[in-house]
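First up is the structure itself, then whatever we jot down about it.
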Amino acid sequence: MDVQDFLMQGEGREEDKKEAWQFFQKAYEHQMKGDLEEAVDLYKKSIATHPTAEAYTFLGWTYSFMGRLDDAIEECRHAIQVDPEFGNPYNDIGAYLIEQGKFDEAIPWFQQAMQARRYESPAFPHLNLGRAYEKKGQWDKAMDSYKQALTLNPQYALAKKALGRLIGMLN
């Protein structure tokens with residue numbers, strides 16, 4: 001994540017934005033160490049200081065690590081309200097719905113993620129769309145989605161693996 005993107009979001013005092021960024025960074029560090037409760041608290045402090053789509057999305061991601069998928073989805077919905085152009089929360093909602101076995105519900109979320117103007121990893125929703133189609137037994141659509149992910153990021157190992165696995169299964 002780019003600090004400039006974070007600091008440019010929304011109205012507010014520069015001091016609040018900087019403090020929110022500091023809370024966000026600390027939250028991410030705790031999340032990566034597996035200290036999820038502390039990460040939740042710090043993401044909430046970041047949001048309370050200056051709400052950003054990133055902080056809501058990462059709070060949702062943390063909730064997903066805790067198995068709290070409905071809470072994760074709700075935080076992503078907040079992220080979309082803050083910045084509808086940020087692609088990550090759309091993709092994440094779709095991924096959480098796949099985890100819940102709601103494949104048909106997941107598909108439109110990936111399609112919305114693909115349309116987002118601000119997305120650092122545009123190959124992700126293509127991979128996840130492929131996962132949804134694969135779960136539904138729609139092999140051609142799944143392969144097309146995996147191929148599109150690889151077009152956007154030829155080094156995307158998960159997409160290579162998924163495509164290879166699916167091709168092998170169909171042969």
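Residues in the structure tokens are numbered from 1 in each chain, the chains being A, B, ... in the order shown, and ligands are numbered from 1 in the order shown.
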
Distance query stretch 21-27 of chain A at most 7 Å, only C-alpha atoms, self and fewer than 6 positions along chain excluded, as a short mmCIF file (atom, residue, chain, number, x, y, z; two decimals) with N, CA, C and O atoms, in the first residue's frame:
```cif
data_model
loop_
_atom_site.label_atom_id
_atom_site.label_comp_id
_atom_site.auth_asym_id
_atom_site.auth_seq_id
_atom_site.Cartn_x
_atom_site.Cartn_y
_atom_site.Cartn_z
N ALA A 39 -4.37 -6.64 16.33
CA ALA A 39 -4.54 -6.06 14.99
C ALA A 39 -5.94 -5.45 14.85
O ALA A 39 -6.09 -4.34 14.34
N LEU A 42 -6.11 -2.17 16.67
CA LEU A 42 -5.36 -1.10 16.00
C LEU A 42 -6.04 -0.66 14.70
O LEU A 42 -6.05 0.53 14.39
N TYR A 43 -6.61 -1.60 13.95
CA TYR A 43 -7.36 -1.19 12.75
C TYR A 43 -8.54 -0.33 13.14
O TYR A 43 -8.85 0.67 12.48
N LYS A 45 -8.74 1.61 15.72
CA LYS A 45 -8.21 2.93 16.09
C LYS A 45 -7.89 3.74 14.84
O LYS A 45 -8.12 4.95 14.79
N SER A 46 -7.34 3.08 13.83
CA SER A 46 -7.06 3.76 12.57
C SER A 46 -8.35 4.31 11.96
O SER A 46 -8.42 5.47 11.55
N ALA A 55 -8.19 0.46 5.64
CA ALA A 55 -8.30 0.02 7.03
C ALA A 55 -9.51 -0.89 7.23
O ALA A 55 -9.42 -1.93 7.90
#
```

Subject >> Among listed residues A:Gln138, A:Gln81, A:Gln148, A:Asn88, nearest A:Ser121 (using only C-alpha atoms) >> reply: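 Result for the nearest residue to A:Ser121: A:Asn88.
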
**OP:** Considering only C-alpha atoms, return as a ChimeraX atom specification whatever protein or nucleic-acid residues lie within 7 Å of A:Trp109, sequence-local ones (same chain, fewer than 4 positions apart) excluded.
**Re:** /A:90-91,93-94,113

Keeping N, CA, C and O atoms for every residue in the selection just given, could you write it to a file as a PDB file, in the first residue's frame?
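Result went into result-v1.pdb, see below:
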```pdb
ATOM      1  N   TYR A  90     -14.209  -5.697  -2.883  1.00  0.00           N
ATOM      2  CA  TYR A  90     -15.120  -6.469  -3.732  1.00  0.00           C
ATOM      3  C   TYR A  90     -14.592  -7.898  -3.877  1.00  0.00           C
ATOM      4  O   TYR A  90     -15.331  -8.866  -3.739  1.00  0.00           O
ATOM      5  N   ASN A  91     -13.298  -8.010  -4.197  1.00  0.00           N
ATOM      6  CA  ASN A  91     -12.672  -9.322  -4.339  1.00  0.00           C
ATOM      7  C   ASN A  91     -12.754 -10.102  -3.032  1.00  0.00           C
ATOM      8  O   ASN A  91     -13.058 -11.295  -3.025  1.00  0.00           O
ATOM      9  N   ILE A  93     -14.917  -9.837  -0.531  1.00  0.00           N
ATOM     10  CA  ILE A  93     -16.276 -10.317  -0.267  1.00  0.00           C
ATOM     11  C   ILE A  93     -16.531 -11.587  -1.067  1.00  0.00           C
ATOM     12  O   ILE A  93     -17.036 -12.578  -0.544  1.00  0.00           O
ATOM     13  N   GLY A  94     -16.166 -11.567  -2.343  1.00  0.00           N
ATOM     14  CA  GLY A  94     -16.345 -12.756  -3.169  1.00  0.00           C
ATOM     15  C   GLY A  94     -15.598 -13.954  -2.619  1.00  0.00           C
ATOM     16  O   GLY A  94     -16.130 -15.075  -2.568  1.00  0.00           O
ATOM     17  N   ALA A 113     -14.950  -6.169  -8.785  1.00  0.00           N
ATOM     18  CA  ALA A 113     -13.527  -5.935  -8.478  1.00  0.00           C
ATOM     19  C   ALA A 113     -12.751  -5.678  -9.763  1.00  0.00           C
ATOM     20  O   ALA A 113     -11.863  -4.824  -9.808  1.00  0.00           O
TER      21      ALA A 113
END
```

Subject >> stretch 11-154 of chain A: residues DSSP assigns to helix (DSSP H, G or I), reported as a ChimeraX atom specification >> reply: /A:14-33,36-49,53-65,69-82,88-99,103-115,123-135,139-152

Subject >> Interatomic distance (Å, one decimal) between atom CA of A:Gly164 and atom CA of A:Pro125 >> reply: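 Between these atoms lies a distance of 18.2 Å.
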
Original post:
Contacts of A:Ala149 at 10 Å or less, counting only C-alpha atoms, minus same-chain residues fewer than 6 places along, as a list in words?
Top reply: Ser121, Pro122, Ala123, Phe124, Pro125, His126, Leu127, Asn128, Leu129, Gly130, Met143, Gln155, Tyr156, Leu158, Ala159, Lys160 and Leu163 of chain A

**OP:** Using only C-alpha atoms, find the one residue out of A:Gly137, A:Pro154, A:Gly101, A:Pro89 that sits nearest to A:Met114.
**Re:**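 Of A:Gly137, A:Pro154, A:Gly101, A:Pro89, the one nearest A:Met114 is A:Pro89, counting only C-alpha atoms.
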
Original post:
Between atom CA of A:Lys135 and atom CA of A:Cys76, what is the spacing in Å?
Top reply: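 So the answer is 23.2 Å.
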
Original post:
If you measure from atom CA of A:Lys136 to atom CA of A:Thr151, what distance in Å do you get, rounded to one decimal?
Top reply: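 Between these atoms lies a distance of 23.1 Å.
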
Contact residues around A:Trp139 with only C-alpha atoms at 12 Å, ignoring same-chain residues under 5 positions, as a PDB file with C-alpha atoms, in the first residue's frame:
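Output file around-v5.pdb follows:
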```
ATOM      1  CA  LEU A 129     -13.703 -15.982 -10.350  1.00  0.00           C
ATOM      2  CA  GLY A 130     -12.058 -19.075 -11.788  1.00  0.00           C
ATOM      3  CA  ARG A 131     -12.286 -20.732  -8.367  1.00  0.00           C
ATOM      4  CA  ALA A 132     -16.028 -19.993  -8.224  1.00  0.00           C
ATOM      5  CA  TYR A 133     -16.607 -21.349 -11.719  1.00  0.00           C
ATOM      6  CA  GLU A 134     -14.521 -24.422 -10.938  1.00  0.00           C
ATOM      7  CA  ASP A 144     -10.699 -18.630 -19.148  1.00  0.00           C
ATOM      8  CA  SER A 145     -10.571 -16.835 -15.807  1.00  0.00           C
ATOM      9  CA  TYR A 146      -7.257 -18.457 -14.851  1.00  0.00           C
ATOM     10  CA  ALA A 162      -4.963 -23.728 -10.796  1.00  0.00           C
ATOM     11  CA  LEU A 163      -4.888 -23.772 -14.589  1.00  0.00           C
ATOM     12  CA  ARG A 165      -4.535 -28.665 -12.136  1.00  0.00           C
ATOM     13  CA  LEU A 166      -7.749 -28.062 -14.088  1.00  0.00           C
ATOM     14  CA  ILE A 167      -6.194 -29.002 -17.431  1.00  0.00           C
ATOM     15  CA  GLY A 168      -4.783 -32.169 -15.856  1.00  0.00           C
ATOM     16  CA  MET A 169      -8.130 -33.050 -14.369  1.00  0.00           C
ATOM     17  CA  LEU A 170      -9.922 -32.659 -17.705  1.00  0.00           C
ATOM     18  CA  ASN A 171      -7.406 -34.757 -19.678  1.00  0.00           C
TER      19      ASN A 171
END
```

At a cut-off of 10 Å, can you tabulate as a tab-separated table every residue of stretch 93-117 of chain A near stretch 65-75 of chain A together with its closest atom pair and the distance in Å to one decimal, using only C-alpha atoms and ordering rows by chain then number?
```
residue	atom	partner	partner_atom	distance
A:Ile93	CA	A:Ile73	CA	5.4
A:Gly94	CA	A:Ile73	CA	8.8
A:Ala95	CA	A:Ile73	CA	9.6
A:Tyr96	CA	A:Leu69	CA	6.1
A:Leu97	CA	A:Leu69	CA	8.2
A:Glu99	CA	A:Leu69	CA	8.4
A:Gln100	CA	A:Leu69	CA	8.0
```
